[in-house]
>>> print(open('work-v3.cif').read())   # mmCIF, C-alpha atoms and all ligand atoms
data_entry
#
loop_
_atom_site.label_atom_id
_atom_site.label_comp_id
_atom_site.auth_asym_id
_atom_site.auth_seq_id
_atom_site.Cartn_x
_atom_site.Cartn_y
_atom_site.Cartn_z
CA MET A 1072 -1.18 -31.12 11.80
CA ALA A 1073 2.49 -30.04 11.47
CA PHE A 1074 3.80 -27.78 8.70
CA ASP A 1075 7.03 -25.95 7.94
CA TYR A 1076 5.13 -22.63 7.82
CA VAL A 1077 1.75 -21.68 9.26
CA ILE A 1078 0.47 -18.23 8.28
CA ALA A 1079 -2.46 -16.59 10.10
CA GLY A 1080 -4.26 -14.20 7.73
CA GLY A 1081 -4.56 -14.60 3.98
CA GLY A 1082 -3.99 -11.08 2.63
CA LEU A 1083 -1.26 -9.48 0.50
CA GLN A 1084 1.61 -10.41 2.83
CA ALA A 1085 0.49 -14.03 3.14
CA GLY A 1086 0.11 -14.36 -0.64
CA LEU A 1087 3.60 -12.97 -1.28
CA LEU A 1088 5.03 -15.32 1.38
CA VAL A 1089 3.31 -18.33 -0.19
CA LEU A 1090 4.57 -17.51 -3.68
CA ALA A 1091 8.13 -16.73 -2.51
CA LEU A 1092 8.25 -19.97 -0.49
CA ARG A 1093 6.89 -22.07 -3.36
CA HIS A 1094 9.67 -20.64 -5.58
CA ARG A 1095 12.58 -20.76 -3.19
CA GLN A 1096 11.67 -23.79 -1.03
CA PRO A 1097 9.44 -25.99 -3.20
CA ALA A 1098 9.56 -28.87 -0.70
CA ALA A 1099 8.35 -26.75 2.26
CA THR A 1100 4.80 -27.35 3.52
CA ILE A 1101 2.59 -24.30 4.15
CA ALA A 1102 -0.75 -23.73 5.86
CA VAL A 1103 -2.77 -20.50 5.58
CA VAL A 1104 -5.77 -19.57 7.74
CA GLU A 1105 -8.07 -16.81 6.46
CA ARG A 1106 -11.31 -15.76 8.09
CA ALA A 1107 -12.94 -14.57 4.85
CA ASP A 1108 -14.08 -16.99 2.18
CA LYS A 1109 -11.44 -15.80 -0.29
CA LEU A 1110 -7.82 -14.67 -0.15
CA GLY A 1111 -6.77 -11.03 -0.44
CA GLY A 1112 -10.10 -9.29 0.20
CA ASN A 1113 -11.42 -6.60 -2.10
CA HIS A 1114 -8.29 -4.71 -3.19
CA THR A 1115 -6.38 -3.56 -6.20
CA TRP A 1116 -2.72 -3.38 -5.18
CA SER A 1117 -0.43 -1.31 -7.36
CA PHE A 1118 3.34 -1.08 -7.34
CA HIS A 1119 6.25 0.39 -9.27
CA GLU A 1120 8.64 -1.77 -11.28
CA ALA A 1121 11.51 -0.90 -8.92
CA ASP A 1122 9.52 -2.22 -5.95
CA VAL A 1123 10.46 -5.71 -7.19
CA PRO A 1124 14.09 -6.56 -6.35
CA ALA A 1125 16.32 -8.11 -9.01
CA GLY A 1126 15.52 -11.77 -9.55
CA ALA A 1127 12.10 -11.61 -7.86
CA TRP A 1128 9.90 -11.13 -10.94
CA PRO A 1129 9.06 -14.83 -11.29
CA VAL A 1130 7.53 -14.67 -7.78
CA VAL A 1131 5.33 -11.65 -8.54
CA ALA A 1132 4.57 -12.05 -12.26
CA PRO A 1133 1.65 -14.53 -11.90
CA LEU A 1134 -0.21 -11.98 -9.74
CA VAL A 1135 0.00 -9.05 -12.12
CA GLY A 1136 -3.30 -8.26 -13.84
CA ALA A 1137 -2.41 -4.97 -15.54
CA SER A 1138 0.86 -3.19 -16.49
CA TRP A 1139 1.81 0.15 -18.00
CA PRO A 1140 5.21 1.43 -19.22
CA ALA A 1141 4.93 4.78 -17.38
CA TYR A 1142 2.53 6.89 -15.33
CA ARG A 1143 1.38 10.49 -15.17
CA VAL A 1144 1.15 13.06 -12.34
CA ARG A 1145 -0.71 16.36 -12.66
CA PHE A 1146 -0.46 19.48 -10.50
CA PRO A 1147 -1.53 23.07 -11.12
CA GLY A 1148 1.22 24.33 -13.44
CA HIS A 1149 3.05 21.03 -13.75
CA THR A 1150 2.30 17.76 -15.56
CA ARG A 1151 4.83 14.97 -15.88
CA VAL A 1152 5.15 11.47 -17.26
CA VAL A 1153 7.31 9.36 -14.94
CA ARG A 1154 9.06 6.73 -17.06
CA THR A 1155 8.87 3.90 -14.55
CA ALA A 1156 6.69 0.88 -15.30
CA TYR A 1157 3.63 0.54 -13.06
CA HIS A 1158 1.68 -2.65 -12.29
CA SER A 1159 -1.52 -3.72 -10.56
CA ILE A 1160 -2.59 -6.91 -8.81
CA LEU A 1161 -6.33 -7.53 -9.07
CA ALA A 1162 -8.22 -9.26 -6.26
CA ASP A 1163 -9.73 -12.21 -8.16
CA ARG A 1164 -6.46 -13.16 -9.79
CA PHE A 1165 -4.63 -12.89 -6.45
CA ASP A 1166 -7.09 -15.32 -4.90
CA ALA A 1167 -6.81 -17.79 -7.81
CA VAL A 1168 -2.99 -17.71 -8.02
CA VAL A 1169 -2.36 -18.12 -4.28
CA ARG A 1170 -4.99 -20.88 -4.01
CA ALA A 1171 -3.30 -22.73 -6.88
CA ALA A 1172 0.09 -22.39 -5.16
CA LEU A 1173 -1.38 -24.09 -2.07
CA ALA A 1174 -3.16 -26.84 -4.00
CA GLY A 1175 -0.39 -29.47 -3.87
CA ASP A 1176 0.10 -32.24 -1.32
CA GLY A 1177 1.27 -31.25 2.11
CA HIS A 1178 -0.27 -27.74 2.09
CA ALA A 1179 -3.47 -26.58 3.77
CA LEU A 1180 -5.81 -23.65 3.17
CA ARG A 1181 -8.47 -22.98 5.78
CA LEU A 1182 -10.92 -20.36 4.55
CA GLY A 1183 -13.88 -18.89 6.42
CA VAL A 1184 -12.39 -19.62 9.82
CA GLU A 1185 -10.88 -17.30 12.42
CA ALA A 1186 -7.42 -17.84 13.91
CA VAL A 1187 -8.20 -17.28 17.59
CA SER A 1188 -4.69 -17.76 18.98
CA VAL A 1189 -1.28 -17.39 17.34
CA THR A 1190 1.86 -18.46 19.22
CA GLY A 1191 5.46 -19.11 18.16
CA THR A 1192 4.64 -22.74 17.34
CA GLU A 1193 0.92 -23.04 16.63
CA VAL A 1194 -2.24 -21.40 15.35
CA THR A 1195 -5.53 -22.36 16.95
CA LEU A 1196 -8.65 -22.02 14.82
CA ALA A 1197 -12.15 -21.14 15.99
CA THR A 1198 -13.14 -24.70 15.07
CA GLY A 1199 -10.67 -26.01 17.66
CA GLU A 1200 -8.23 -27.31 15.04
CA VAL A 1201 -4.57 -26.63 15.91
CA LEU A 1202 -1.98 -26.14 13.14
CA THR A 1203 1.62 -26.56 14.30
CA GLY A 1204 4.48 -24.91 12.43
CA ARG A 1205 8.28 -24.82 12.55
CA CYS A 1206 7.71 -21.16 11.70
CA VAL A 1207 4.47 -19.36 12.57
CA ILE A 1208 3.76 -16.03 10.89
CA ASP A 1209 1.10 -13.60 12.03
CA ALA A 1210 -0.11 -11.69 8.94
CA ARG A 1211 -3.57 -10.72 10.15
CA GLY A 1212 -3.35 -7.14 8.82
CA ALA A 1213 -3.68 -3.77 10.48
CA GLY A 1214 -5.37 -3.49 13.84
CA PRO A 1215 -6.29 -0.22 15.53
CA THR A 1216 -3.23 2.01 15.66
CA THR A 1217 -2.19 3.99 18.69
CA GLU A 1218 0.56 5.83 16.85
CA ALA A 1219 0.55 9.51 16.02
CA CYS A 1220 -0.18 9.60 12.34
CA GLY A 1221 -1.81 11.24 9.39
CA TRP A 1222 -4.02 9.22 7.09
CA GLN A 1223 -4.29 8.30 3.45
CA THR A 1224 -8.05 8.03 3.00
CA PHE A 1225 -9.67 7.05 -0.25
CA LEU A 1226 -12.68 5.65 -2.01
CA GLY A 1227 -12.39 4.12 -5.45
CA LEU A 1228 -14.99 3.08 -8.00
CA GLU A 1229 -14.17 0.58 -10.71
CA VAL A 1230 -16.36 1.54 -13.66
CA GLU A 1231 -17.15 0.23 -17.14
CA LEU A 1232 -17.53 3.26 -19.40
CA ALA A 1233 -19.90 3.44 -22.38
CA ALA A 1234 -17.02 4.78 -24.53
CA PRO A 1235 -13.23 4.16 -24.43
CA TRP A 1236 -11.14 6.27 -22.05
CA PRO A 1237 -8.74 8.46 -24.04
CA ASP A 1238 -5.62 7.99 -21.86
CA ALA A 1239 -3.87 4.58 -21.82
CA LEU A 1240 -1.49 5.61 -18.99
CA PRO A 1241 -2.41 5.64 -15.29
CA THR A 1242 -2.61 9.00 -13.54
CA VAL A 1243 -1.19 8.26 -10.12
CA MET A 1244 -1.84 11.78 -8.79
CA ASP A 1245 -4.17 14.31 -10.37
CA ALA A 1246 -3.91 17.18 -7.91
CA THR A 1247 -5.51 19.71 -10.25
CA VAL A 1248 -8.82 18.97 -8.47
CA PRO A 1249 -10.03 21.45 -5.80
CA GLN A 1250 -8.00 20.88 -2.61
CA ASP A 1251 -9.95 19.87 0.48
CA ASP A 1252 -9.38 17.92 3.72
CA GLY A 1253 -5.59 17.83 3.35
CA TYR A 1254 -3.77 16.94 0.16
CA ARG A 1255 -6.41 15.78 -2.31
CA PHE A 1256 -5.77 13.99 -5.59
CA VAL A 1257 -7.55 11.62 -7.94
CA TYR A 1258 -5.97 8.33 -8.97
CA VAL A 1259 -6.98 6.83 -12.32
CA LEU A 1260 -6.03 3.32 -13.48
CA PRO A 1261 -7.13 2.39 -17.00
CA LEU A 1262 -7.57 -1.35 -16.43
CA GLY A 1263 -8.95 -1.85 -19.95
CA PRO A 1264 -9.95 0.38 -22.91
CA ALA A 1265 -13.23 1.32 -21.20
CA ARG A 1266 -12.60 0.05 -17.66
CA LEU A 1267 -11.23 2.42 -15.01
CA LEU A 1268 -10.48 2.42 -11.32
CA VAL A 1269 -10.94 6.02 -10.13
CA GLU A 1270 -10.06 6.86 -6.52
CA ASP A 1271 -10.63 10.13 -4.70
CA THR A 1272 -7.73 10.32 -2.21
CA TYR A 1273 -6.70 12.53 0.72
CA PHE A 1274 -3.59 12.85 2.90
CA ALA A 1275 -5.78 13.94 5.79
CA ASP A 1276 -5.57 14.58 9.53
CA THR A 1277 -8.37 12.14 10.37
CA PRO A 1278 -9.30 8.63 9.16
CA ALA A 1279 -12.87 9.55 8.17
CA VAL A 1280 -13.96 8.31 4.73
CA PRO A 1281 -17.22 10.16 3.92
CA ALA A 1282 -18.29 7.57 1.36
CA ASP A 1283 -21.24 9.36 -0.25
CA ARG A 1284 -19.27 12.56 -0.78
CA LEU A 1285 -16.33 10.68 -2.27
CA ARG A 1286 -18.62 8.68 -4.61
CA ARG A 1287 -20.10 11.97 -5.83
CA ARG A 1288 -16.60 13.38 -6.35
CA VAL A 1289 -15.50 10.38 -8.42
CA ALA A 1290 -18.64 10.83 -10.56
CA ALA A 1291 -17.94 14.57 -10.93
CA TYR A 1292 -14.33 13.81 -11.97
CA LEU A 1293 -15.49 11.38 -14.66
CA THR A 1294 -18.07 13.87 -15.94
CA ALA A 1295 -15.53 16.69 -16.05
CA ALA A 1296 -13.18 14.41 -18.01
CA GLY A 1297 -15.88 13.91 -20.65
CA ALA A 1298 -17.27 10.50 -19.66
CA ARG A 1299 -21.01 10.41 -20.30
CA ASP A 1300 -22.22 7.05 -19.10
CA TRP A 1301 -20.78 4.28 -16.91
CA ARG A 1302 -21.67 1.26 -14.79
CA ILE A 1303 -20.09 0.75 -11.34
CA VAL A 1304 -18.50 -2.70 -11.15
CA ARG A 1305 -16.76 -2.58 -7.76
CA GLU A 1306 -15.95 -0.21 -4.91
CA GLU A 1307 -12.98 -0.16 -2.53
CA SER A 1308 -12.01 2.22 0.22
CA GLY A 1309 -9.52 2.53 3.03
CA ALA A 1310 -7.87 4.67 5.70
CA LEU A 1311 -4.17 3.82 5.76
CA PRO A 1312 -2.14 5.18 8.70
CA MET A 1313 0.88 7.35 7.79
CA PRO A 1314 2.70 7.32 11.15
CA TRP A 1315 5.45 9.52 12.49
CA SER A 1316 5.91 7.67 15.78
CA GLY A 1317 5.72 4.14 17.16
CA PRO A 1318 7.91 1.09 16.67
CA THR A 1319 9.36 -0.02 13.34
CA PRO A 1320 9.47 -3.77 12.44
CA ALA A 1321 11.36 -5.94 14.91
CA ALA A 1322 12.37 -9.56 15.50
CA GLU A 1323 9.41 -11.24 17.17
CA THR A 1324 8.12 -14.75 17.72
CA PRO A 1325 5.67 -15.39 16.17
CA LEU A 1326 6.99 -13.34 13.30
CA ARG A 1327 4.60 -10.43 12.68
CA ALA A 1328 4.48 -9.71 8.97
CA GLY A 1329 2.62 -7.30 6.68
CA THR A 1330 0.91 -4.27 8.16
CA ALA A 1331 0.50 -6.25 11.42
CA GLY A 1332 4.27 -5.99 11.92
CA GLY A 1333 4.78 -2.48 10.52
CA TRP A 1334 6.07 -3.75 7.15
CA PHE A 1335 4.73 -0.87 5.08
CA HIS A 1336 5.99 2.42 3.66
CA PRO A 1337 5.08 5.09 6.24
CA ALA A 1338 5.02 7.89 3.67
CA THR A 1339 2.62 6.15 1.24
CA GLY A 1340 0.69 3.74 3.48
CA TYR A 1341 1.47 1.07 0.87
CA SER A 1342 2.89 -2.28 1.91
CA PHE A 1343 3.85 -4.06 -1.31
CA PRO A 1344 7.60 -3.14 -1.37
CA ALA A 1345 8.23 -4.03 2.29
CA ALA A 1346 5.97 -7.10 2.24
CA LEU A 1347 7.71 -8.49 -0.85
CA ARG A 1348 11.17 -7.91 0.64
CA LEU A 1349 10.10 -9.66 3.83
CA ALA A 1350 8.66 -12.60 1.86
CA LEU A 1351 11.90 -12.99 -0.10
CA ALA A 1352 14.05 -12.76 3.05
CA VAL A 1353 11.95 -15.39 4.86
CA ALA A 1354 11.95 -17.71 1.84
CA ALA A 1355 15.75 -17.50 1.56
CA VAL A 1356 16.38 -19.31 4.88
CA PRO A 1357 15.04 -22.43 6.64
CA PRO A 1358 11.89 -22.00 8.79
CA ASP A 1359 13.76 -21.81 12.10
CA ARG A 1360 15.86 -18.87 10.82
CA ALA A 1361 12.95 -16.78 9.52
CA THR A 1362 12.88 -14.43 12.51
CA GLY A 1363 16.61 -13.74 12.16
CA ALA A 1364 16.18 -13.02 8.44
CA ALA A 1365 13.34 -10.60 9.23
CA ALA A 1366 15.46 -8.88 11.87
CA ALA A 1367 18.32 -8.43 9.39
CA LEU A 1368 15.95 -6.91 6.83
CA ALA A 1369 14.38 -4.66 9.46
CA GLY A 1370 17.87 -3.48 10.36
CA ARG A 1371 18.60 -2.63 6.71
CA LEU A 1372 15.28 -0.77 6.22
CA ASN A 1373 15.18 0.88 9.62
CA TRP A 1374 16.68 4.31 8.83
CA ARG A 1375 14.56 4.57 5.67
CA LEU A 1376 11.39 3.81 7.63
CA ARG A 1377 12.39 6.42 10.20
CA PHE A 1378 13.16 8.98 7.51
CA ALA A 1379 9.76 8.35 5.88
CA ARG A 1380 8.15 8.92 9.30
CA PHE A 1381 10.06 12.17 9.62
CA LEU A 1382 8.62 13.23 6.24
CA ASN A 1383 5.13 12.44 7.56
CA ARG A 1384 5.77 14.62 10.59
CA LEU A 1385 6.78 17.47 8.29
CA LEU A 1386 3.80 16.93 5.99
CA PHE A 1387 1.14 16.54 8.65
CA ARG A 1388 2.50 18.76 11.41
CA ALA A 1389 4.46 21.53 9.71
CA VAL A 1390 2.43 22.19 6.57
CA ARG A 1391 -1.12 23.53 6.56
CA PRO A 1392 -3.55 21.06 4.97
CA ALA A 1393 -4.37 23.49 2.14
CA ASP A 1394 -0.66 23.83 1.22
CA ARG A 1395 0.29 20.13 1.20
CA TRP A 1396 -0.12 19.77 -2.55
CA ARG A 1397 2.75 22.25 -3.04
CA LEU A 1398 5.17 19.83 -1.38
CA PHE A 1399 4.26 17.06 -3.83
CA ARG A 1400 4.44 19.39 -6.80
CA ARG A 1401 7.97 20.37 -5.73
CA LEU A 1402 9.03 16.73 -5.40
CA TYR A 1403 7.62 15.80 -8.81
CA ARG A 1404 9.18 18.92 -10.36
CA THR A 1405 12.66 18.28 -9.03
CA LEU A 1406 13.30 14.57 -8.46
CA PRO A 1407 14.53 12.36 -11.32
CA ASP A 1408 12.54 9.22 -12.20
CA ALA A 1409 15.17 6.95 -10.63
CA THR A 1410 15.09 8.82 -7.29
CA LEU A 1411 11.30 8.61 -7.15
CA ALA A 1412 11.48 4.88 -7.92
CA ARG A 1413 14.01 4.28 -5.13
CA PHE A 1414 11.91 6.32 -2.71
CA TYR A 1415 8.75 4.28 -3.34
CA ALA A 1416 10.72 1.01 -3.17
CA LEU A 1417 12.25 1.91 0.24
CA GLU A 1418 15.66 1.64 -1.44
CA PHE A 1419 16.56 5.33 -1.33
CA THR A 1420 20.12 6.39 -0.54
CA ALA A 1421 21.29 9.05 1.92
CA ALA A 1422 21.88 11.35 -1.07
CA ASP A 1423 18.26 10.74 -2.23
CA ALA A 1424 17.02 11.57 1.27
CA ALA A 1425 18.99 14.82 1.26
CA ARG A 1426 17.60 15.67 -2.16
CA LEU A 1427 14.04 15.17 -0.92
CA LEU A 1428 14.61 17.87 1.68
CA VAL A 1429 16.34 20.43 -0.51
CA GLY A 1430 14.34 23.33 -1.91
CA ARG A 1431 11.88 25.93 -0.79
CA PRO A 1432 9.20 24.37 1.43
CA PRO A 1433 5.56 25.48 1.36
CA PRO A 1434 4.68 28.01 4.11
CA LEU A 1435 5.15 26.29 7.48
CA ASP A 1436 2.69 26.44 10.36
CA PRO A 1437 4.51 26.61 13.73
CA VAL A 1438 1.27 26.22 15.71
CA ARG A 1439 0.54 22.86 14.09
CA LEU A 1440 4.18 21.80 14.37
CA PHE A 1441 4.44 22.28 18.12
CA SER A 1442 0.88 21.49 19.21
CA ARG A 1443 0.15 17.99 20.43
CA PRO A 1444 -1.48 15.87 17.73
CA GLU A 1445 -4.60 13.89 18.47
CA VAL A 1446 -4.17 10.16 18.11
CA LEU A 1447 -7.21 8.82 16.34
CA PRO A 1448 -7.99 5.12 16.24
CA CYS A 1449 -7.93 3.53 12.80
CA PRO A 1450 -11.41 2.40 11.78
CA PRO A 1451 -11.67 -1.14 10.43
CA VAL A 1452 -10.71 -1.28 6.78
CA ARG A 1453 -13.81 -1.80 4.61
CA ARG A 1454 -13.73 -4.70 2.18
C1 LIG B 1501 -8.51 -0.65 -0.49
C2 LIG B 1501 -7.00 -0.68 -0.27
C3 LIG B 1501 -6.16 -0.50 -1.37
C4 LIG B 1501 -4.77 -0.56 -1.18
N1 LIG B 1501 -3.96 -0.40 -2.25
C5 LIG B 1501 -2.63 -0.60 -2.11
C6 LIG B 1501 -1.76 -0.56 -3.24
O1 LIG B 1501 -2.20 -0.26 -4.35
N2 LIG B 1501 -0.44 -0.86 -3.07
C7 LIG B 1501 0.07 -1.18 -1.85
O2 LIG B 1501 1.26 -1.49 -1.71
N3 LIG B 1501 -0.73 -1.11 -0.75
C8 LIG B 1501 -2.05 -0.86 -0.84
N4 LIG B 1501 -2.84 -0.87 0.26
C9 LIG B 1501 -2.21 -0.92 1.60
C10 LIG B 1501 -1.73 -2.32 2.00
O3 LIG B 1501 -0.83 -2.83 1.06
C11 LIG B 1501 -2.87 -3.30 2.13
O4 LIG B 1501 -3.64 -2.90 3.22
C12 LIG B 1501 -2.40 -4.76 2.25
O5 LIG B 1501 -3.52 -5.55 1.97
C13 LIG B 1501 -1.82 -5.12 3.59
O6 LIG B 1501 -1.42 -6.48 3.53
P1 LIG B 1501 -1.50 -7.43 4.80
O7 LIG B 1501 -1.33 -8.83 4.31
O8 LIG B 1501 -0.61 -6.93 5.85
O9 LIG B 1501 -2.98 -7.23 5.35
P2 LIG B 1501 -4.33 -7.63 4.64
O10 LIG B 1501 -4.18 -7.68 3.17
O11 LIG B 1501 -5.37 -6.77 5.24
O12 LIG B 1501 -4.54 -9.14 5.11
C14 LIG B 1501 -4.86 -9.54 6.41
C15 LIG B 1501 -5.80 -10.72 6.28
O13 LIG B 1501 -5.93 -11.34 7.55
C16 LIG B 1501 -7.27 -11.74 7.69
N5 LIG B 1501 -7.51 -11.86 9.13
C17 LIG B 1501 -7.55 -10.87 10.06
N6 LIG B 1501 -7.76 -11.39 11.28
C18 LIG B 1501 -7.85 -12.74 11.11
C19 LIG B 1501 -8.06 -13.82 12.00
N7 LIG B 1501 -8.20 -13.63 13.32
N8 LIG B 1501 -8.10 -15.07 11.49
C20 LIG B 1501 -7.96 -15.30 10.15
N9 LIG B 1501 -7.77 -14.31 9.28
C21 LIG B 1501 -7.70 -13.04 9.75
C22 LIG B 1501 -8.07 -10.64 7.03
O14 LIG B 1501 -9.36 -11.09 6.66
C23 LIG B 1501 -7.18 -10.33 5.83
O15 LIG B 1501 -7.54 -11.06 4.67
C24 LIG B 1501 -4.23 -0.78 0.12
C25 LIG B 1501 -5.09 -0.91 1.20
C26 LIG B 1501 -6.46 -0.86 1.02
C27 LIG B 1501 -7.36 -1.00 2.20
#
>>> encode(input="work-v3.cif", output="structure tokens", more="lines below")
Ligand SMILES: Cc1cc2nc3c(=O)[nH]c(=O)nc-3n(C[C@H](O)[C@H](O)[C@H](O)COP(=O)(O)OP(=O)(O)OC[C@H]3O[C@@H](n4cnc5c(N)ncnc54)[C@H](O)[C@@H]3O)c2cc1C
Amino acid sequence: MAFDYVIAGGGLQAGLLVLALRHRQPAATIAVVERADKLGGNHTWSFHEADVPAGAWPVVAPLVGASWPAYRVRFPGHTRVVRTAYHSILADRFDAVVRAALAGDGHALRLGVEAVSVTGTEVTLATGEVLTGRCVIDARGAGPTTEACGWQTFLGLEVELAAPWPDALPTVMDATVPQDDGYRFVYVLPLGPARLLVEDTYFADTPAVPADRLRRRVAAYLTAAGARDWRIVREESGALPMPWSGPTPAAETPLRAGTAGGWFHPATGYSFPAALRLALAVAAVPPDRATGAAAALAGRLNWRLRFARFLNRLLFRAVRPADRWRLFRRLYRTLPDATLARFYALEFTAADAARLLVGRPPPLDPVRLFSRPEVLPCPPVRR
């Protein structure tokens, strides 16, 4: 069958592409191939208000399952409320919204089937079916990485508490917890009055996620915060590469999108801001000009992606693991809300970049800086 767009992989990037295309090119036909039996996997994706470019809210709004007007960060000796709205996309809603967007005539959704070959013009399924596209997009997610990188490792439990949680704002970083295995912080999203997602997170040198230990730490965090009883509803975990080498996104055929193509923020491991910008750029041009639009966007983001990689090199190679939290405390002490928002959105200016570097750094470790880092393969992301 022939379509305007064929997308291999049905994760975050594919969903954003589908929604952007349905908005900007309502007549275009789209096919999505996903090997799981639902779209998006088992994730909660969060993003800052400024991650959404002007005019793009109608594309994203149907996905949003929870929103807050601000968020908190906590460090030893410093607590702050960042007055930037924060939003989360929940897995079930993502699946429902993207399915509905593909429900009309002319579209196709193939679930539970592997894309075994992806070329510039067609995607071949394990069933033997071939989907032909004027534009083929490979959005099959992160494979093993061979880049030098640190890791954002985490395990989160979504829990239903017996009593309401006292704080209605998310805590995006609570680094008052004992530091261990790199920069450690706890992330708390109050998804409802008594429903929380609590993640124990590390900016670590290795991709290991010791699940039992992290589950125990989430439980200990809840207990220390005064929660007495809870039921675990869901669990998610990951090891996101935070690279300081390797290629940045480039013009390729088929177009590689999402984490498969390097469309993520190197200094956070998060892909929403870059994936949304790519989706909007692709949807703004006809299918045969998608690669050119991606190349233009890559060109615009390139120095920011390289700068974020440079920050990773500093964080993971120059600073001892036990001192990493000091770097984040300095950033959250000194940077205005608007600078932080531009940084997370990959829209920071040269002046913002300079500001990120100004100030007294934590003690540096020359041995780590000049020794050759090990390159560890990324384990498959658990779903
Ligand atoms: C648990 C977790 C939480 C995260 N939270 C955030 C967050 O809050 N904010 C944020 O911005 N980022 C977050 N990230 C990082 C990043 O945004 C996600 O990994 C994001 O899902 C990447 O989008 P993607 O579309 O590139 O890849 P994925 O979402 O991984 O999608 C790839 C899809 O392709 C499918 N696939 C793979 N191979 C094939 C094949 N051969 N045939 C058919 N289908 C195939 C997979 O099953 C998958 O559904 C998180 C990552 C994880 C793991």
>>> residues_around(input="work-v3.cif", residues="Asp1423 of chain A", least_positions_apart="5", cutoff="10 Å", atoms="all atoms listed in the file", output="list in words")
Leu1406, Pro1407, Ala1409, Thr1410, Leu1411, Arg1413, Phe1414, Glu1418 and Leu1428 of chain A
>>> closest_residue(input="work-v3.cif", among="A:Leu1232, A:Val1390, A:Val1153, A:Val1304", to="Ala1275 of chain A", atoms="only C-alpha atoms")
A:Val1390
>>> residues_around(input="work-v3.cif", residues="Lys1109 of chain A", least_positions_apart="4", cutoff="8 Å", atoms="all atoms listed in the file", output="ChimeraX atom specification")
/A:1105,1166,1182-1183
>>> residues_near_ligand(input="work-v3.cif", ligand="ligand LIG 1501 (chain B)", cutoff="6 Å", atoms="all atoms listed in the file", output="compact mmCIF listing (two decimals) with C-alpha atoms, in the coordinates of the input")
# COMPACT_ATOMS: atom_id res chain seq x y z
CA ALA A 1079 -2.46 -16.59 10.10
CA GLY A 1080 -4.26 -14.20 7.73
CA GLY A 1081 -4.56 -14.60 3.98
CA GLY A 1082 -3.99 -11.08 2.63
CA LEU A 1083 -1.26 -9.48 0.50
CA GLN A 1084 1.61 -10.41 2.83
CA ALA A 1085 0.49 -14.03 3.14
CA VAL A 1104 -5.77 -19.57 7.74
CA GLU A 1105 -8.07 -16.81 6.46
CA ARG A 1106 -11.31 -15.76 8.09
CA ALA A 1107 -12.94 -14.57 4.85
CA GLY A 1111 -6.77 -11.03 -0.44
CA GLY A 1112 -10.10 -9.29 0.20
CA HIS A 1114 -8.29 -4.71 -3.19
CA THR A 1115 -6.38 -3.56 -6.20
CA TRP A 1116 -2.72 -3.38 -5.18
CA SER A 1117 -0.43 -1.31 -7.36
CA PHE A 1118 3.34 -1.08 -7.34
CA GLU A 1185 -10.88 -17.30 12.42
CA ALA A 1186 -7.42 -17.84 13.91
CA VAL A 1187 -8.20 -17.28 17.59
CA ALA A 1210 -0.11 -11.69 8.94
CA ARG A 1211 -3.57 -10.72 10.15
CA GLY A 1212 -3.35 -7.14 8.82
CA GLU A 1307 -12.98 -0.16 -2.53
CA SER A 1308 -12.01 2.22 0.22
CA GLY A 1309 -9.52 2.53 3.03
CA GLY A 1329 2.62 -7.30 6.68
CA THR A 1330 0.91 -4.27 8.16
CA ALA A 1331 0.50 -6.25 11.42
CA GLY A 1340 0.69 3.74 3.48
CA TYR A 1341 1.47 1.07 0.87
CA SER A 1342 2.89 -2.28 1.91
CA PHE A 1343 3.85 -4.06 -1.31
CA VAL A 1452 -10.71 -1.28 6.78
>>> residues_near_point(input="work-v3.cif", point="(-5.7, 0.9, -13.0)", cutoff="9 Å", atoms="all atoms listed in the file", output="list of chain:residue names")
A:Thr1115, A:Ser1117, A:Ala1137, A:Ser1138, A:His1158, A:Ser1159, A:Glu1229, A:Leu1240, A:Pro1241, A:Thr1242, A:Tyr1258, A:Val1259, A:Leu1260, A:Pro1261, A:Leu1262, A:Gly1263, A:Arg1266, A:Leu1267, A:Leu1268, A:Val1269
>>> write_last_selection(input="work-v3.cif", atoms="C-alpha atoms", output="PDB file, in the coordinates of the input")
ATOM      1  CA  THR A1115      -6.380  -3.560  -6.200  1.00  0.00           C
ATOM      2  CA  SER A1117      -0.430  -1.310  -7.360  1.00  0.00           C
ATOM      3  CA  ALA A1137      -2.410  -4.970 -15.540  1.00  0.00           C
ATOM      4  CA  SER A1138       0.860  -3.190 -16.490  1.00  0.00           C
ATOM      5  CA  HIS A1158       1.680  -2.650 -12.290  1.00  0.00           C
ATOM      6  CA  SER A1159      -1.520  -3.720 -10.560  1.00  0.00           C
ATOM      7  CA  GLU A1229     -14.170   0.580 -10.710  1.00  0.00           C
ATOM      8  CA  LEU A1240      -1.490   5.610 -18.990  1.00  0.00           C
ATOM      9  CA  PRO A1241      -2.410   5.640 -15.290  1.00  0.00           C
ATOM     10  CA  THR A1242      -2.610   9.000 -13.540  1.00  0.00           C
ATOM     11  CA  TYR A1258      -5.970   8.330  -8.970  1.00  0.00           C
ATOM     12  CA  VAL A1259      -6.980   6.830 -12.320  1.00  0.00           C
ATOM     13  CA  LEU A1260      -6.030   3.320 -13.480  1.00  0.00           C
ATOM     14  CA  PRO A1261      -7.130   2.390 -17.000  1.00  0.00           C
ATOM     15  CA  LEU A1262      -7.570  -1.350 -16.430  1.00  0.00           C
ATOM     16  CA  GLY A1263      -8.950  -1.850 -19.950  1.00  0.00           C
ATOM     17  CA  ARG A1266     -12.600   0.050 -17.660  1.00  0.00           C
ATOM     18  CA  LEU A1267     -11.230   2.420 -15.010  1.00  0.00           C
ATOM     19  CA  LEU A1268     -10.480   2.420 -11.320  1.00  0.00           C
ATOM     20  CA  VAL A1269     -10.940   6.020 -10.130  1.00  0.00           C
TER      21      VAL A1269
END
